[in-house]
>>> print(open('query_10.txt').read())   # compact mmCIF, C-alpha atoms
# COMPACT_ATOMS: atom_id res chain seq x y z
CA MET S 19 -51.51 32.90 -15.18
CA ALA S 20 -49.71 31.97 -11.95
CA GLU S 21 -48.34 28.48 -11.59
CA SER S 22 -50.08 26.15 -9.17
CA PRO S 23 -48.30 25.18 -5.92
CA THR S 24 -47.98 21.61 -7.26
CA ALA S 25 -46.26 22.81 -10.42
CA GLN S 26 -43.89 25.01 -8.39
CA MET S 27 -42.98 22.09 -6.11
CA HIS S 28 -42.33 19.87 -9.14
CA LEU S 29 -40.11 22.54 -10.71
CA THR S 30 -38.22 22.99 -7.45
CA SER S 31 -37.71 19.23 -7.09
CA SER S 32 -36.52 18.93 -10.69
CA PHE S 33 -33.96 21.71 -10.26
CA THR S 34 -32.73 20.23 -6.98
CA ASN S 35 -32.29 16.81 -8.55
CA PHE S 36 -30.51 18.33 -11.57
CA VAL S 37 -27.97 20.06 -9.31
CA ARG S 38 -27.54 16.85 -7.31
CA PHE S 39 -27.09 14.85 -10.53
CA PHE S 40 -24.45 17.29 -11.76
CA GLY S 41 -22.53 17.03 -8.48
CA TRP S 42 -22.68 13.25 -8.26
CA SER S 43 -21.82 12.81 -11.95
CA VAL S 44 -18.66 14.87 -11.43
CA LEU S 45 -17.67 12.51 -8.62
CA THR S 46 -18.56 9.28 -10.42
CA ILE S 47 -16.73 10.40 -13.58
CA MET S 48 -13.72 11.21 -11.40
CA VAL S 49 -13.83 7.67 -9.99
CA ALA S 50 -14.05 6.27 -13.53
CA PHE S 51 -11.04 8.38 -14.52
CA LEU S 52 -9.02 7.10 -11.56
CA VAL S 53 -9.97 3.48 -12.25
CA ASN S 54 -9.00 3.92 -15.89
CA ASN S 55 -5.73 5.50 -14.86
CA PHE S 56 -4.87 2.45 -12.77
CA LEU S 57 -5.98 0.00 -15.46
CA SER S 58 -4.09 1.79 -18.23
CA HIS S 59 -0.84 2.64 -16.50
CA GLY S 60 -0.69 0.13 -13.66
CA ALA S 61 -2.42 -3.01 -14.94
CA GLY S 62 -1.42 -2.83 -18.59
CA PHE S 63 -4.84 -2.27 -20.16
CA PRO S 64 -4.90 -0.47 -23.53
CA GLY S 65 -6.75 2.62 -22.30
CA ALA S 66 -10.17 4.09 -23.11
CA ALA S 67 -8.78 6.15 -25.99
CA ALA S 68 -7.80 2.95 -27.81
CA ALA S 69 -11.50 2.10 -28.20
CA LEU S 70 -11.87 5.08 -30.54
CA GLY S 71 -9.24 3.71 -32.92
CA GLU S 72 -9.63 1.16 -35.67
CA ASN S 73 -8.29 -1.77 -33.65
CA GLY S 74 -10.04 -1.29 -30.34
CA SER S 75 -9.87 -4.26 -27.99
CA ALA S 76 -12.43 -5.57 -25.51
CA GLY S 77 -10.44 -4.08 -22.64
CA ALA S 78 -10.44 -0.65 -24.29
CA TYR S 79 -14.22 -0.80 -24.83
CA LEU S 80 -14.68 -1.80 -21.21
CA GLN S 81 -12.63 1.15 -20.04
CA LEU S 82 -14.54 3.54 -22.29
CA ALA S 83 -17.83 2.16 -20.97
CA LEU S 84 -16.86 3.17 -17.44
CA TYR S 85 -17.68 6.81 -18.21
CA PRO S 86 -21.30 6.39 -19.34
CA LEU S 87 -21.76 3.87 -16.54
CA ALA S 88 -20.55 6.54 -14.13
CA VAL S 89 -23.21 8.95 -15.41
CA VAL S 90 -25.88 6.26 -15.17
CA GLY S 91 -24.77 5.53 -11.62
CA ALA S 92 -25.22 9.20 -10.72
CA ILE S 93 -28.71 9.21 -12.27
CA VAL S 94 -29.74 6.05 -10.39
CA HIS S 95 -28.46 7.44 -7.10
CA VAL S 96 -30.35 10.72 -7.50
CA MET S 97 -33.56 8.96 -8.53
CA ARG S 98 -33.38 6.53 -5.62
CA SER S 99 -32.91 9.38 -3.14
CA GLY S 100 -35.20 11.94 -4.75
CA ASP S 101 -36.36 13.38 -1.42
CA THR S 102 -32.83 14.27 -0.29
CA THR S 103 -32.22 17.99 0.03
CA LEU S 104 -29.21 19.77 -1.44
CA ARG S 105 -27.90 20.53 2.02
CA ALA S 106 -28.21 16.92 3.18
CA ASP S 107 -26.49 15.66 0.03
CA GLY S 108 -23.72 18.22 0.44
CA ALA S 109 -23.16 17.08 4.01
CA ARG S 110 -23.06 13.44 2.87
CA ILE S 111 -20.42 14.22 0.25
CA SER S 112 -18.43 16.23 2.78
CA ASN S 113 -18.50 13.28 5.18
CA ILE S 114 -17.08 11.03 2.44
CA ASN S 115 -14.27 13.53 2.03
CA THR S 116 -13.69 13.61 5.78
CA PHE S 117 -13.15 9.86 5.78
CA LEU S 118 -10.75 10.11 2.83
CA ILE S 119 -8.65 12.78 4.51
CA ARG S 120 -8.72 10.95 7.84
CA ALA S 121 -7.44 7.80 6.11
CA ALA S 122 -4.69 9.83 4.44
CA PHE S 123 -3.66 11.31 7.79
CA TRP S 124 -3.35 7.92 9.48
CA SER S 125 -1.49 6.51 6.50
CA VAL S 126 1.20 9.20 6.40
CA LEU S 127 1.56 9.04 10.17
CA ILE S 128 2.14 5.27 10.26
CA VAL S 129 4.29 5.15 7.12
CA GLY S 130 6.43 8.03 8.36
CA LEU S 131 7.12 6.43 11.72
CA ALA S 132 7.82 3.02 10.19
CA ASP S 133 10.20 4.40 7.57
CA VAL S 134 12.07 6.47 10.15
CA ALA S 135 12.57 3.37 12.30
CA ILE S 136 13.87 1.35 9.34
CA SER S 137 16.15 4.13 8.11
CA PHE S 138 17.58 4.70 11.57
CA MET S 139 18.36 1.01 12.01
CA ARG S 140 19.94 0.86 8.54
CA VAL S 141 22.18 3.85 9.33
CA GLU S 142 23.27 2.39 12.65
CA GLY S 143 23.72 -1.15 11.28
CA LEU S 144 21.00 -2.59 13.51
CA LEU S 145 18.56 -3.78 10.87
CA ASP S 146 20.44 -7.00 10.06
CA GLY S 147 20.13 -8.17 13.64
CA VAL S 148 16.40 -7.42 13.75
CA VAL S 149 15.10 -8.75 10.42
CA GLY S 150 18.05 -10.62 8.93
CA GLU S 151 20.43 -9.88 6.08
CA GLN S 152 18.12 -10.92 3.24
CA LEU S 153 15.15 -8.84 4.40
CA THR S 154 17.48 -5.92 5.04
CA LYS S 155 18.53 -6.02 1.40
CA GLU S 156 14.92 -6.26 0.27
CA LEU S 157 13.92 -3.28 2.41
CA GLY S 158 16.61 -1.31 0.62
CA ARG S 159 14.71 -1.78 -2.66
CA PRO S 160 12.03 0.91 -3.20
CA GLN S 161 9.65 -1.49 -4.98
CA PHE S 162 9.79 -4.03 -2.15
CA ARG S 163 9.41 -1.50 0.64
CA GLY S 164 6.61 0.32 -1.15
CA LEU S 165 4.63 -2.79 -2.08
CA TYR S 166 5.15 -4.98 0.98
CA LEU S 167 5.51 -2.39 3.74
CA HIS S 168 3.86 0.88 2.71
CA VAL S 169 0.78 -0.61 1.04
CA PRO S 170 -0.18 -2.74 4.11
CA LEU S 171 0.44 0.29 6.35
CA ILE S 172 -1.79 2.43 4.15
CA ALA S 173 -4.48 -0.26 4.40
CA THR S 174 -4.07 -0.13 8.17
CA GLY S 175 -4.54 3.65 8.04
CA ILE S 176 -7.80 3.22 6.13
CA ILE S 177 -9.05 0.75 8.74
CA LEU S 178 -8.13 3.13 11.56
CA ALA S 179 -9.99 5.92 9.76
CA ALA S 180 -13.15 3.82 9.89
CA PHE S 181 -12.98 3.62 13.70
CA THR S 182 -11.85 7.15 14.55
CA ARG S 183 -13.61 10.47 14.28
CA THR S 184 -10.82 13.02 14.17
CA LEU S 185 -9.11 14.51 11.12
CA GLY S 186 -5.85 14.72 13.08
CA PHE S 187 -4.59 17.99 11.58
CA HIS S 188 -3.73 19.47 14.96
CA TRP S 189 -1.87 16.31 15.93
CA LEU S 190 0.00 16.23 12.64
CA ALA S 191 1.02 19.88 13.09
CA LEU S 192 2.25 19.04 16.59
CA LEU S 193 4.21 16.06 15.27
CA ILE S 194 5.85 18.26 12.64
CA VAL S 195 6.96 20.70 15.33
CA GLY S 196 8.23 17.78 17.42
CA ALA S 197 10.16 16.31 14.47
CA GLU S 198 11.74 19.70 13.68
CA LEU S 199 12.58 20.23 17.33
CA GLY S 200 14.20 16.79 17.39
CA ILE S 201 16.43 17.81 14.46
CA VAL S 202 17.55 20.92 16.34
CA PHE S 203 18.39 19.01 19.52
CA MET S 204 20.16 16.18 17.70
CA ARG S 205 22.16 18.52 15.47
CA PHE S 206 23.31 21.13 17.96
CA ILE S 207 23.52 19.09 21.15
CA PHE S 208 24.52 15.62 19.95
CA SER S 209 25.99 16.58 16.54
CA TYR S 210 23.85 13.87 14.93
CA GLU S 211 21.90 14.40 11.74
CA GLN S 212 20.68 12.02 9.04
CA ALA S 213 18.73 12.51 5.81
CA PHE S 214 15.67 10.65 7.10
CA MET S 215 15.12 13.28 9.81
CA SER S 216 14.54 16.16 7.41
CA ASP S 217 12.68 13.84 5.02
CA LEU S 218 10.14 13.11 7.76
CA VAL S 219 9.47 16.82 8.31
CA ARG S 220 8.95 17.42 4.59
CA PHE S 221 6.77 14.31 4.29
CA TRP S 222 4.45 15.31 7.12
CA TYR S 223 4.41 19.00 6.23
CA GLY S 224 3.44 18.24 2.63
CA ALA S 225 0.62 16.03 3.89
CA LEU S 226 -0.58 18.70 6.33
CA PHE S 227 -0.62 21.44 3.71
CA LEU S 228 -2.32 19.45 0.93
CA PHE S 229 -4.69 17.27 2.95
CA ALA S 230 -5.97 20.13 5.12
CA SER S 231 -6.96 22.29 2.14
CA ALA S 232 -10.36 20.65 1.68
CA TYR S 233 -11.15 21.00 5.39
CA THR S 234 -10.10 24.65 5.22
CA LEU S 235 -12.54 25.16 2.33
CA LEU S 236 -15.29 23.53 4.38
CA GLU S 237 -14.65 25.93 7.25
CA GLU S 238 -14.27 28.98 4.96
CA GLY S 239 -10.71 29.33 6.17
CA HIS S 240 -9.00 30.18 2.87
CA VAL S 241 -7.85 33.77 2.47
CA ARG S 242 -10.46 35.66 0.47
CA VAL S 243 -10.07 39.17 -0.95
CA ASP S 244 -13.53 40.25 0.14
CA VAL S 245 -13.52 43.99 -0.62
CA PHE S 246 -16.70 43.50 -2.65
CA TYR S 247 -17.81 40.05 -1.47
CA ALA S 248 -18.42 41.11 2.13
CA ALA S 249 -20.99 43.71 1.05
CA PHE S 250 -23.03 41.34 -1.11
CA SER S 251 -26.33 39.84 -0.02
CA ASP S 252 -26.50 36.19 1.03
CA LYS S 253 -28.09 35.22 -2.30
CA THR S 254 -25.42 37.02 -4.31
CA LYS S 255 -22.71 35.32 -2.25
CA ALA S 256 -24.36 31.97 -2.92
CA VAL S 257 -24.39 32.61 -6.68
CA ILE S 258 -20.72 33.61 -6.65
CA ASN S 259 -19.76 30.55 -4.59
CA ALA S 260 -21.70 28.19 -6.87
CA VAL S 261 -20.39 29.64 -10.15
CA CYS S 262 -16.80 29.87 -8.94
CA SER S 263 -16.93 26.30 -7.59
CA ILE S 264 -17.65 25.13 -11.14
CA ILE S 265 -15.56 27.51 -13.23
CA LEU S 266 -12.54 27.83 -10.95
CA GLY S 267 -12.64 25.02 -8.40
CA LEU S 268 -13.65 21.97 -10.45
CA THR S 269 -11.67 23.14 -13.48
CA PHE S 270 -8.56 23.54 -11.33
CA CYS S 271 -8.93 20.04 -9.85
CA TRP S 272 -9.56 18.40 -13.22
CA THR S 273 -6.51 20.18 -14.63
CA ILE S 274 -4.31 18.67 -11.91
CA LEU S 275 -5.69 15.17 -12.48
CA ILE S 276 -5.47 15.27 -16.27
CA VAL S 277 -1.99 16.81 -16.38
CA GLY S 278 -0.71 14.68 -13.50
CA MET S 279 -2.26 11.38 -14.60
CA GLY S 280 -2.88 11.74 -18.30
CA GLN S 281 0.14 9.68 -19.32
CA LYS S 282 2.28 6.98 -17.74
CA THR S 283 5.15 9.48 -17.58
CA SER S 284 3.03 12.29 -16.07
CA ILE S 285 4.21 14.06 -12.92
CA ILE S 286 2.02 11.99 -10.58
CA ASN S 287 1.91 8.64 -12.36
CA LYS S 288 5.62 8.23 -13.04
CA PRO S 289 6.91 8.58 -9.44
CA VAL S 290 4.07 6.50 -8.00
CA LEU S 291 4.34 3.66 -10.50
CA ASN S 292 8.12 3.49 -10.11
CA PHE S 293 8.12 3.90 -6.29
CA GLU S 294 10.51 6.80 -6.82
CA VAL S 295 12.71 7.69 -3.84
CA THR S 296 15.11 10.47 -2.95
CA GLN S 297 18.78 10.14 -3.89
CA ALA S 298 19.88 10.58 -0.27
CA GLY S 299 21.55 7.37 0.92
CA PHE S 300 19.44 6.48 3.96
CA GLY S 301 16.50 8.85 3.60
CA LEU S 302 12.84 7.89 3.69
CA TYR S 303 11.45 5.95 0.74
CA VAL S 304 8.38 8.17 0.43
CA LYS S 305 9.10 10.53 -2.45
CA TYR S 306 6.59 8.69 -4.64
CA MET S 307 3.94 9.17 -1.96
CA MET S 308 4.61 12.90 -1.89
CA ALA S 309 3.90 12.99 -5.63
CA GLY S 310 0.67 11.15 -4.86
CA PHE S 311 -0.20 13.87 -2.33
CA LEU S 312 -0.94 16.16 -5.28
CA GLY S 313 -3.47 13.65 -6.58
CA ILE S 314 -5.09 13.32 -3.15
CA PHE S 315 -5.23 17.12 -2.97
CA ALA S 316 -7.06 17.35 -6.31
CA ILE S 317 -9.45 14.52 -5.43
CA SER S 318 -10.31 15.84 -1.97
CA MET S 319 -10.71 19.40 -3.23
CA MET S 320 -12.99 18.23 -6.06
CA ILE S 321 -15.18 16.35 -3.60
CA GLN S 322 -15.32 19.38 -1.32
CA PHE S 323 -16.06 21.76 -4.20
CA VAL S 324 -19.04 19.59 -5.16
CA SER S 325 -20.26 19.73 -1.56
CA TYR S 326 -19.62 23.48 -1.54
CA LEU S 327 -21.63 23.84 -4.76
CA LEU S 328 -24.65 22.03 -3.31
CA GLU S 329 -24.41 24.08 -0.13
CA ALA S 330 -24.24 27.33 -2.14
CA VAL S 331 -27.31 26.44 -4.22
CA ALA S 332 -29.14 25.47 -1.02
CA ASN S 333 -28.27 28.86 0.45
CA TYR S 334 -29.54 30.60 -2.66
CA ARG S 335 -32.83 28.72 -2.46
CA GLY S 336 -33.16 29.45 1.24
CA GLU S 337 -33.15 25.85 2.43
CA PRO S 338 -33.23 25.60 6.22
CA GLY S 339 -30.29 24.31 8.24
CA ALA S 340 -27.51 26.52 6.89
CA ARG S 341 -24.18 26.08 8.68
CA VAL S 342 -23.08 29.02 10.81
CA ILE S 343 -19.36 29.63 10.41
CA GLU S 344 -17.58 31.92 12.81
CA GLU S 345 -16.04 34.90 11.10
CA PRO S 346 -12.25 35.06 11.44
CA THR S 347 -10.91 37.93 13.49
CA ALA S 348 -8.40 38.93 10.83
CA HIS S 349 -7.64 38.23 7.18
>>> encode(input="query_10.txt", output="structure tokens")
Amino acid sequence: MAESPTAQMHLTSSFTNFVRFFGWSVLTIMVAFLVNNFLSHGAGFPGAAAALGENGSAGAYLQLALYPLAVVGAIVHVMRSGDTTLRADGARISNINTFLIRAAFWSVLIVGLADVAISFMRVEGLLDGVVGEQLTKELGRPQFRGLYLHVPLIATGIILAAFTRTLGFHWLALLIVGAELGIVFMRFIFSYEQAFMSDLVRFWYGALFLFASAYTLLEEGHVRVDVFYAAFSDKTKAVINAVCSIILGLTFCWTILIVGMGQKTSIINKPVLNFEVTQAGFGLYVKYMMAGFLGIFAISMMIQFVSYLLEAVANYRGEPGARVIEEPTAH
């Protein structure tokens, strides 16, 4: 006996909401993980794992509760927006990611320029006359410069991201070329070279490579070995994109976050918490931020993979409004 149209619509809505719940729960659990990481390794809380021991404290139970609360938050969001389509939800998540990457772009731009100015004045002995001897000494301490200079500049970058509508990748690429060209001119024409000059190029290039990855995924710009994929039907492509987003994409991002932030001495946490800097005498004080780039990469890629998953399921179900992406001329 064939199902009634009402039953089919209910089944379709239930499946749509399940996929949306899965996507949003991944994101809310990720937020809970990041909050717990800060509380455990930055604020001195005992950690969620301590709640599973015999002497769990109130703080540990609170941290552990963040994870079920994250799932509940995802359920509430999906129920309150039950009429939202997969494609609309995917676009909303992608827009969140766009803001995150835009804020990261502005932050590295401002911090890079500010640190170059400070390092140049320190090398040339001009900083004392501008800010005074005491502040010059303080700016030479990584913890002071990171906390009282970089953090406010990063906050400024976030504010700028709220009032601008460009990702800035093309501008950042141009600035990298300009910085590298400046090194060539200064080295071979004026015989002048300092550590902060090459540090700036590496700082911006690392940001460009890692921050632009999520946008490249959005625009289907990653290199794909499509010997078989190109011949598949649209539905088969959608299934492959959805399954691989979960098995490969989300797993890869979670691996980076867990390995990089699982312990206080992990490869992301340790440099960031200690405001680690390069050993070069008057280089930029941004090495800890470059370690954090890996975390931003994993976070932004996870957000984009969730959006990609919803888009793929929408394509499989034939939802209207599919994005048309221009095929690259060469691979």
>>> closest_residue(input="query_10.txt", among="S:Trp272, S:Phe39, S:Tyr85, S:Phe63", to="Gly313 (chain S)", atoms="only C-alpha atoms")
S:Trp272
>>> closest_residue(input="query_10.txt", among="S:Ile119, S:Val324, S:Val141, S:Ala106", to="Arg341 (chain S)", atoms="all atoms listed in the file")
S:Ala106
>>> atom_distance(input="query_10.txt", atom1="CA of Ile93 (chain S)", atom2="CA of Trp42 (chain S)")
8.3 Å
>>> atom_distance(input="query_10.txt", atom1="CA of Phe56 (chain S)", atom2="CA of Leu228 (chain S)")
22.0 Å
>>> closest_residue(input="query_10.txt", among="S:Thr182, S:Ser251, S:Asn54, S:Thr103", to="Phe36 (chain S)", atoms="all atoms listed in the file")
S:Thr103
>>> closest_residue(input="query_10.txt", among="S:Pro64, S:Gly108, S:Gly278, S:Gly301", to="Ser137 (chain S)", atoms="only C-alpha atoms")
S:Gly301
>>> closest_residue(input="query_10.txt", among="S:Ala132, S:Met279, S:Ala88, S:Val202", to="Phe40 (chain S)", atoms="only C-alpha atoms")
S:Ala88
>>> atom_distance(input="query_10.txt", atom1="CA of Ala256 (chain S)", atom2="CA of Leu226 (chain S)")
28.8 Å
>>> residues_around(input="query_10.txt", residues="Tyr166 (chain S)", least_positions_apart="5", cutoff="12 Å", atoms="only C-alpha atoms", output="list in words")
Val129, Leu153, Glu156, Leu157, Arg159, Pro160, Gln161, Leu171, Ile172, Ala173 and Phe293 of chain S
>>> closest_residue(input="query_10.txt", among="S:Phe323, S:Phe117, S:Trp222, S:Phe270", to="Leu192 (chain S)", atoms="all atoms listed in the file")
S:Trp222
>>> residues_near_point(input="query_10.txt", point="(-19.3, 27.3, -12.2)", cutoff="12 Å", atoms="all atoms listed in the file", output="PyMOL selection string")
chain S and resi 37+40-41+256-270+323-324+326-328+330-331
>>> residues_near_point(input="query_10.txt", point="(21.2, 15.4, 8.7)", cutoff="12 Å", atoms="only C-alpha atoms", output="ChimeraX atom specification")
/S:138,141,198,200-206,208-219,298-301
>>> residues_around(input="query_10.txt", residues="Tyr303 (chain S)", least_positions_apart="4", cutoff="8 Å", atoms="all atoms listed in the file", output="compact mmCIF listing (two decimals) with C-alpha atoms, in the coordinates of the input")
# COMPACT_ATOMS: atom_id res chain seq x y z
CA ASP S 133 10.20 4.40 7.57
CA PRO S 160 12.03 0.91 -3.20
CA ARG S 163 9.41 -1.50 0.64
CA GLY S 164 6.61 0.32 -1.15
CA GLU S 294 10.51 6.80 -6.82
CA VAL S 295 12.71 7.69 -3.84
CA THR S 296 15.11 10.47 -2.95
>>> residues_around(input="query_10.txt", residues="Met48 (chain S)", least_positions_apart="2", cutoff="10 Å", atoms="all atoms listed in the file", output="list in words")
Trp42, Ser43, Val44, Leu45, Thr46, Ala50, Phe51, Leu52, Val53, Asn54, Tyr85, Ala88, Trp272, Leu275, Ile317, Met320 and Ile321 of chain S
